[in-house]
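What follows is the content of run.txt (compact mmCIF, C-alpha atoms and all ligand atoms).
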```
# COMPACT_ATOMS: atom_id res chain seq x y z
CA ALA A 1 -13.11 -11.99 -22.62
CA ASP A 2 -11.92 -8.50 -23.60
CA ALA A 3 -9.47 -8.37 -20.69
CA ILE A 4 -8.34 -10.81 -18.04
CA VAL A 5 -7.33 -10.11 -14.44
CA VAL A 6 -5.09 -12.81 -13.05
CA ARG A 7 -4.27 -13.29 -9.39
CA HIS A 8 -2.01 -16.27 -8.87
CA PRO A 9 0.19 -17.68 -6.06
CA ASP A 10 3.29 -18.14 -8.25
CA GLN A 11 5.70 -15.30 -8.89
CA GLY A 12 6.07 -14.62 -12.63
CA SER A 13 2.98 -16.66 -13.51
CA VAL A 14 0.90 -13.72 -14.73
CA ALA A 15 3.58 -12.54 -17.15
CA ARG A 16 3.88 -16.08 -18.52
CA PHE A 17 0.10 -16.30 -18.91
CA ALA A 18 -0.01 -12.92 -20.69
CA LYS A 19 2.43 -14.17 -23.32
CA GLY A 20 -0.08 -16.81 -24.37
CA VAL A 21 -3.20 -14.66 -24.88
CA HIS A 22 -4.17 -11.81 -27.18
CA VAL A 23 -6.19 -9.65 -24.79
CA PRO A 24 -4.87 -7.34 -22.05
CA VAL A 25 -3.87 -9.21 -18.90
CA ILE A 26 -3.82 -7.31 -15.61
CA ASN A 27 -1.63 -8.61 -12.83
CA GLY A 28 -3.81 -8.75 -9.71
CA GLY A 29 -0.91 -10.10 -7.63
CA ASP A 30 1.53 -12.90 -8.48
CA GLY A 31 2.74 -14.62 -5.33
CA VAL A 32 5.56 -12.67 -3.70
CA GLY A 33 6.22 -10.89 -6.99
CA GLU A 34 4.25 -7.78 -7.83
CA HIS A 35 0.92 -6.07 -7.28
CA PRO A 36 0.99 -3.24 -9.80
CA THR A 37 -2.64 -2.09 -9.59
CA GLN A 38 -2.26 -1.73 -5.82
CA ALA A 39 0.88 0.35 -6.38
CA LEU A 40 -0.99 2.62 -8.79
CA LEU A 41 -3.81 3.18 -6.32
CA ASP A 42 -1.27 3.72 -3.56
CA LEU A 43 0.49 6.36 -5.63
CA TYR A 44 -2.86 7.96 -6.50
CA THR A 45 -3.70 8.07 -2.79
CA ILE A 46 -0.32 9.56 -1.88
CA ARG A 47 -0.70 12.24 -4.55
CA ARG A 48 -4.19 13.15 -3.37
CA GLU A 49 -3.19 13.24 0.27
CA PHE A 50 -0.09 15.27 -0.55
CA ALA A 51 -2.13 17.71 -2.65
CA ARG A 52 -4.27 18.34 0.43
CA LEU A 53 -1.18 18.72 2.62
CA GLY A 54 0.80 20.84 0.16
CA LYS A 55 3.53 18.21 -0.29
CA LYS A 56 5.24 16.71 -3.33
CA VAL A 57 6.16 13.11 -4.07
CA ASP A 58 9.64 14.22 -5.13
CA GLY A 59 11.77 14.34 -2.00
CA ALA A 60 9.23 12.57 0.20
CA HIS A 61 10.17 10.24 3.03
CA VAL A 62 8.32 6.92 2.86
CA ALA A 63 8.64 4.28 5.57
CA MET A 64 7.65 0.71 4.69
CA VAL A 65 7.02 -1.49 7.69
CA GLY A 66 6.50 -5.21 8.25
CA ASP A 67 6.88 -8.17 5.93
CA LEU A 68 8.81 -6.53 3.11
CA LYS A 69 10.04 -9.87 1.79
CA HIS A 70 6.69 -11.42 0.91
CA GLY A 71 4.61 -8.25 0.68
CA ARG A 72 4.26 -7.79 -3.06
CA THR A 73 2.53 -4.43 -2.72
CA VAL A 74 5.70 -2.83 -1.37
CA HIS A 75 7.75 -4.47 -4.14
CA SER A 76 5.64 -2.72 -6.75
CA LEU A 77 5.35 0.51 -4.76
CA ILE A 78 9.09 1.05 -4.28
CA ARG A 79 9.59 0.60 -8.01
CA LEU A 80 6.77 2.96 -8.92
CA LEU A 81 7.80 5.67 -6.44
CA SER A 82 11.36 5.37 -7.74
CA LEU A 83 10.17 7.02 -10.94
CA TYR A 84 10.03 10.24 -8.90
CA LYS A 85 13.09 12.10 -7.63
CA GLY A 86 15.05 12.19 -4.41
CA LEU A 87 12.91 10.07 -2.13
CA THR A 88 14.06 8.56 1.14
CA PHE A 89 12.82 5.03 1.80
CA THR A 90 13.11 3.72 5.33
CA LEU A 91 12.67 -0.04 5.38
CA LEU A 92 11.59 -1.50 8.70
CA ALA A 93 11.50 -5.29 8.74
CA PRO A 94 12.96 -8.06 10.85
CA PRO A 95 16.11 -9.61 9.31
CA SER A 96 14.26 -12.65 7.92
CA LEU A 97 11.61 -10.49 6.23
CA GLU A 98 13.64 -7.75 4.57
CA MET A 99 12.94 -6.14 1.21
CA PRO A 100 14.66 -8.12 -1.60
CA ALA A 101 18.12 -6.62 -2.07
CA GLU A 102 17.67 -6.07 -5.82
CA LEU A 103 14.64 -3.83 -5.23
CA ALA A 104 16.44 -1.72 -2.61
CA GLU A 105 19.51 -1.51 -4.86
CA ALA A 106 17.40 -0.46 -7.86
CA ALA A 107 15.93 2.39 -5.79
CA GLU A 108 19.42 3.47 -4.76
CA ALA A 109 20.65 3.27 -8.34
CA GLY A 110 17.75 5.58 -9.24
CA GLY A 111 19.16 8.24 -6.92
CA HIS A 112 17.03 7.56 -3.84
CA ARG A 113 18.17 7.14 -0.28
CA VAL A 114 17.41 3.74 1.21
CA ARG A 115 17.77 3.34 4.98
CA ARG A 116 17.17 0.30 7.08
CA ALA A 117 16.07 0.80 10.66
CA ALA A 118 15.90 -1.80 13.36
CA SER A 119 13.10 -0.23 15.37
CA LEU A 120 10.07 1.95 14.81
CA LYS A 121 11.64 4.51 17.10
CA ASP A 122 14.60 4.99 14.79
CA GLY A 123 12.71 4.63 11.54
CA LEU A 124 9.58 6.72 11.87
CA LYS A 125 11.05 10.14 12.52
CA LYS A 126 9.92 12.74 9.98
CA VAL A 127 8.16 10.34 7.64
CA ASP A 128 5.56 11.65 5.20
CA VAL A 129 4.08 8.22 4.53
CA LEU A 130 4.01 5.28 6.89
CA TYR A 131 3.08 2.22 4.80
CA ALA A 132 2.29 -0.72 7.07
CA THR A 133 1.93 -4.28 5.78
CA ARG A 134 0.55 -7.58 6.96
CA ILE A 135 2.81 -10.47 7.91
CA GLN A 136 2.18 -12.81 4.95
CA LYS A 137 1.95 -16.01 6.97
CA GLU A 138 0.56 -17.97 4.03
CA ARG A 139 3.76 -17.32 2.08
CA MET A 140 6.19 -18.37 4.78
CA SER A 141 8.00 -21.64 4.83
CA GLY A 142 11.22 -21.72 6.88
CA GLU A 143 11.02 -18.39 8.68
CA ALA A 144 10.56 -18.57 12.41
CA LEU A 145 7.21 -16.88 12.53
CA GLU A 146 6.61 -17.65 16.17
CA THR A 147 9.86 -16.02 17.18
CA TYR A 148 9.20 -12.99 15.04
CA PRO A 149 11.87 -10.90 16.66
CA LEU A 150 10.79 -7.29 16.48
CA ASP A 151 7.66 -5.49 17.34
CA PHE A 152 6.27 -3.60 14.35
CA ARG A 153 2.79 -2.96 15.60
CA ILE A 154 1.52 0.41 14.42
CA ASP A 155 -0.95 1.89 16.87
CA LYS A 156 -2.14 5.29 17.99
CA LYS A 157 0.32 5.60 20.85
CA ARG A 158 3.27 5.00 18.56
CA VAL A 159 2.03 7.16 15.74
CA ASP A 160 1.37 9.98 18.22
CA ALA A 161 4.82 9.59 19.77
CA LEU A 162 6.91 9.00 16.64
CA CYS A 163 5.19 10.49 13.61
CA GLN A 164 4.33 13.99 12.51
CA LYS A 165 0.94 15.63 12.58
CA ASP A 166 0.75 15.32 8.80
CA THR A 167 2.16 11.80 8.36
CA ILE A 168 -0.27 9.65 6.39
CA VAL A 169 -0.71 6.04 7.45
CA MET A 170 -1.43 3.54 4.69
CA HIS A 171 -1.94 -0.23 4.44
CA PRO A 172 -2.94 -2.40 1.45
CA LEU A 173 -5.36 -4.42 3.61
CA PRO A 174 -6.46 -6.82 4.90
CA ARG A 175 -4.96 -6.04 8.26
CA ASP A 176 -4.76 -8.18 11.34
CA GLY A 177 -6.31 -5.83 13.87
CA THR A 178 -6.42 -8.36 16.70
CA PRO A 179 -4.82 -7.14 19.94
CA GLY A 180 -1.09 -7.85 20.04
CA SER A 181 -0.73 -8.49 16.31
CA ASN A 182 2.32 -7.15 14.46
CA ASP A 183 0.12 -5.11 12.19
CA LEU A 184 -1.87 -1.90 12.03
CA ALA A 185 -4.15 -1.56 15.05
CA THR A 186 -7.74 -0.34 14.84
CA ASP A 187 -7.31 2.44 17.41
CA LEU A 188 -6.26 4.83 14.64
CA ASP A 189 -9.49 4.38 12.71
CA ASP A 190 -10.82 7.77 13.75
CA ASP A 191 -7.50 9.54 13.21
CA PRO A 192 -7.47 11.69 10.05
CA ARG A 193 -3.87 10.62 9.38
CA LEU A 194 -5.16 7.12 8.70
CA ALA A 195 -5.66 7.04 4.93
CA ILE A 196 -6.57 3.36 4.53
CA PHE A 197 -10.27 3.86 3.84
CA ARG A 198 -9.58 6.63 1.32
CA GLN A 199 -6.90 4.32 -0.10
CA THR A 200 -9.31 1.41 -0.64
CA ASP A 201 -11.84 3.79 -2.19
CA ALA A 202 -9.13 4.93 -4.62
CA GLY A 203 -8.93 1.35 -5.87
CA ILE A 204 -12.22 1.78 -7.74
CA PRO A 205 -11.43 4.77 -9.99
CA VAL A 206 -7.82 3.66 -10.48
CA ARG A 207 -8.84 0.19 -11.62
CA MET A 208 -11.61 1.67 -13.79
CA ALA A 209 -8.92 3.82 -15.40
CA ILE A 210 -6.67 0.81 -15.95
CA PHE A 211 -9.48 -1.00 -17.79
CA ALA A 212 -10.32 2.11 -19.81
CA VAL A 213 -6.72 2.59 -20.94
CA LEU A 214 -6.13 -1.07 -21.74
CA LEU A 215 -9.35 -1.28 -23.73
CA GLY A 216 -8.52 1.98 -25.50
CA VAL A 217 -11.68 3.82 -24.48
CA GLU A 218 -10.24 6.46 -22.17
CA ASN A 219 -11.06 9.27 -24.59
CA ARG A 220 -14.67 8.20 -24.88
CA ILE A 221 -15.48 8.25 -21.19
CA ALA A 222 -16.37 11.95 -20.99
CA ALA A 223 -19.14 11.36 -23.56
CA SER A 224 -20.91 8.79 -21.40
CA LEU A 225 -20.38 10.34 -17.96
CA LYS A 226 -23.44 10.73 -15.80
CA ASP A 227 -24.05 11.56 -12.16
CA ALA A 228 -23.71 8.67 -9.78
CA ALA A 229 -26.91 7.51 -8.12
CA TRP A 230 -25.08 7.21 -4.80
CA ILE A 231 -23.17 9.60 -2.59
CA SER A 232 -19.75 9.01 -1.16
CA PRO A 233 -19.89 8.76 2.63
CA PRO A 234 -18.00 11.56 4.36
CA ARG A 235 -15.95 8.96 6.18
CA ILE A 236 -15.76 5.22 6.49
CA GLY A 237 -14.48 3.24 9.41
CA THR A 238 -15.55 1.16 12.32
CA GLY A 239 -17.20 4.25 13.75
CA ASP A 240 -19.40 4.42 10.69
CA ALA A 241 -21.62 1.57 11.75
CA PRO A 242 -24.57 3.98 12.18
CA PHE A 243 -24.08 5.23 8.62
CA HIS A 244 -24.33 1.72 7.33
CA ARG A 245 -27.32 1.13 9.66
CA LEU A 246 -25.36 -1.58 11.42
CA ALA A 247 -25.59 0.01 14.86
N1 LIG A 301 -4.19 -7.37 -0.53
C1 LIG A 301 -2.76 -7.28 -0.71
C2 LIG A 301 -2.24 -8.35 -1.65
O1 LIG A 301 -3.03 -8.96 -2.35
C3 LIG A 301 -2.02 -7.23 0.58
C4 LIG A 301 -2.10 -8.44 1.47
O2 LIG A 301 -2.74 -9.43 1.12
O3 LIG A 301 -1.51 -8.36 2.55
O4 LIG A 301 -1.05 -8.55 -1.70
```

Can you present the structure in this file as structure tokens?
Amino acid sequence: ADAIVVRHPDQGSVARFAKGVHVPVINGGDGVGEHPTQALLDLYTIRREFARLGKKVDGAHVAMVGDLKHGRTVHSLIRLLSLYKGLTFTLLAPPSLEMPAELAEAAEAGGHRVRRAASLKDGLKKVDVLYATRIQKERMSGEALETYPLDFRIDKKRVDALCQKDTIVMHPLPRDGTPGSNDLATDLDDDPRLAIFRQTDAGIPVRMAIFAVLLGVENRIAASLKDAAWISPPRIGTGDAPFHRLA
């Protein structure tokens, strides 16, 4: 193989694997560790959304909500966003599922403000990005999942009441959209603030770019560009069933 993508349940396993091979290894998620390609597509999405909204990443307010202990996408995202300047991170998680202290401390050491909020009501005021995550049940051992103490469900009522008109709502997917879940509800699917479908779409060009750079062909792409034989749908969501001829 010219490159290898490794997705593995053990933290640190991909880095260990990479030491033993001579081709580029891409970390596609290592347990509760990191998910760097997701972070890159998340940043790409934020930059595109902000360009549309006339905002900058420097100084932005990003709220991360849910299982911040096992959610590797937020581990990589807080590190990547910390390369910018003057951000405020609001971390909203129940006490047993908080962001690892070393990641929050590293963001603070990089000059960012890190706040912890106990409820959505306190944490979601004036946020530019609301990044919701899934409760990573498969990674839990001792935590009292059944007595999950706080309610972090993100739905239309809450976003309308607590967020701004230009807050973007993101999620790495998959989400648990079942009624009553502590996750991102589906009733925002038609709301333009919901960026999750644009976010998943961004995964394609960003991962193409990662391959191109790692294989050293990024300067040769322009020479082989051609028009795509397909068109991008104007929007994707549950309401798009007719577009996909499913309705
Ligand atoms: N798809 C993401 C991951 O691989 C997020 C998730 O599974 O909740 O970590």

I want to know what sits within 12 Å of Arg7 of chain A, based on all atoms listed in the file, with residues of the same chain fewer than 4 positions away left out; could you give that as a PDB file with C-alpha atoms, keeping the file's coordinate frame?
```
ATOM      1  CA  GLN A  11       5.700 -15.300  -8.890  1.00  0.00           C
ATOM      2  CA  GLY A  12       6.070 -14.620 -12.630  1.00  0.00           C
ATOM      3  CA  SER A  13       2.980 -16.660 -13.510  1.00  0.00           C
ATOM      4  CA  VAL A  14       0.900 -13.720 -14.730  1.00  0.00           C
ATOM      5  CA  ALA A  15       3.580 -12.540 -17.150  1.00  0.00           C
ATOM      6  CA  PHE A  17       0.100 -16.300 -18.910  1.00  0.00           C
ATOM      7  CA  VAL A  25      -3.870  -9.210 -18.900  1.00  0.00           C
ATOM      8  CA  ILE A  26      -3.820  -7.310 -15.610  1.00  0.00           C
ATOM      9  CA  ASN A  27      -1.630  -8.610 -12.830  1.00  0.00           C
ATOM     10  CA  GLY A  28      -3.810  -8.750  -9.710  1.00  0.00           C
ATOM     11  CA  GLY A  29      -0.910 -10.100  -7.630  1.00  0.00           C
ATOM     12  CA  ASP A  30       1.530 -12.900  -8.480  1.00  0.00           C
ATOM     13  CA  GLY A  31       2.740 -14.620  -5.330  1.00  0.00           C
ATOM     14  CA  VAL A  32       5.560 -12.670  -3.700  1.00  0.00           C
ATOM     15  CA  GLY A  33       6.220 -10.890  -6.990  1.00  0.00           C
ATOM     16  CA  GLU A  34       4.250  -7.780  -7.830  1.00  0.00           C
ATOM     17  CA  HIS A  35       0.920  -6.070  -7.280  1.00  0.00           C
ATOM     18  CA  PRO A  36       0.990  -3.240  -9.800  1.00  0.00           C
ATOM     19  CA  THR A  37      -2.640  -2.090  -9.590  1.00  0.00           C
ATOM     20  CA  ARG A  72       4.260  -7.790  -3.060  1.00  0.00           C
TER      21      ARG A  72
END
```

For atom CA of Asp10 of chain A and atom CA of Gln38 of chain A, the interatomic separation in Å (one decimal):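 Atom CA of Gln38 of chain A lies 17.5 Å from atom CA of Asp10 of chain A.
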
Could you tell me which of A:Ser119, A:Thr73, A:Thr167, A:Ser224 comes closest to ligand LIG 301 (chain A) if we count all atoms listed in the file? A:Thr73

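Here the question is which of A:Lys69, A:His22, A:Lys226, A:His171 gets nearest to ligand LIG 301 (chain A) using only C-alpha atoms and all ligand atoms, and that residue is A:His171.
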
Mind pulling up the distance from atom CA of Tyr84 of chain A to atom CA of Gly59 of chain A?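 Atom CA of Tyr84 of chain A lies 8.2 Å from atom CA of Gly59 of chain A.
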
May I ask which of the residues A:Ala117, A:Ile135, A:Val129, A:Leu83 is the closest one to ligand LIG 301 (chain A), counting all atoms listed in the file? A:Ile135

Residue neighbourhood Pro179 of chain A, 12 Å, only C-alpha atoms, exclusion window fewer than 4 positions, as a ChimeraX atom specification: /A:153-155,175,183-187

So, with only C-alpha atoms as the atoms that count, which of A:Arg193, A:Lys165, A:His61, A:Arg134 lies closest to Ala93 of chain A? A:Arg134

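In this structure, atom CA of Val127 of chain A sits 17.9 Å away from atom CA of Ala104 of chain A.
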
Best match for closeness to ligand LIG 301 (chain A) among A:Gly66, A:Pro9, A:Pro172, A:Gly123, counting all atoms listed in the file: A:Pro172

Need to verify the contact set: Glu105 of chain A, 12 Å, all atoms listed in the file, exclusion of same-chain residues closer than 4 positions in sequence. Can you return it as a ChimeraX atom specification? /A:78-79,82,89,99-101,109-115

Hey, could you pull the box centre and edge lengths for ligand LIG 301 (chain A), axis-aligned, 4 Å padding per side, all listed atoms, to one decimal in Å, as AutoDock Vina command-line options?
```
--center_x -2.6 --center_y -8.3 --center_z 0.1 --size_x 11.1 --size_y 10.2 --size_z 12.9
```
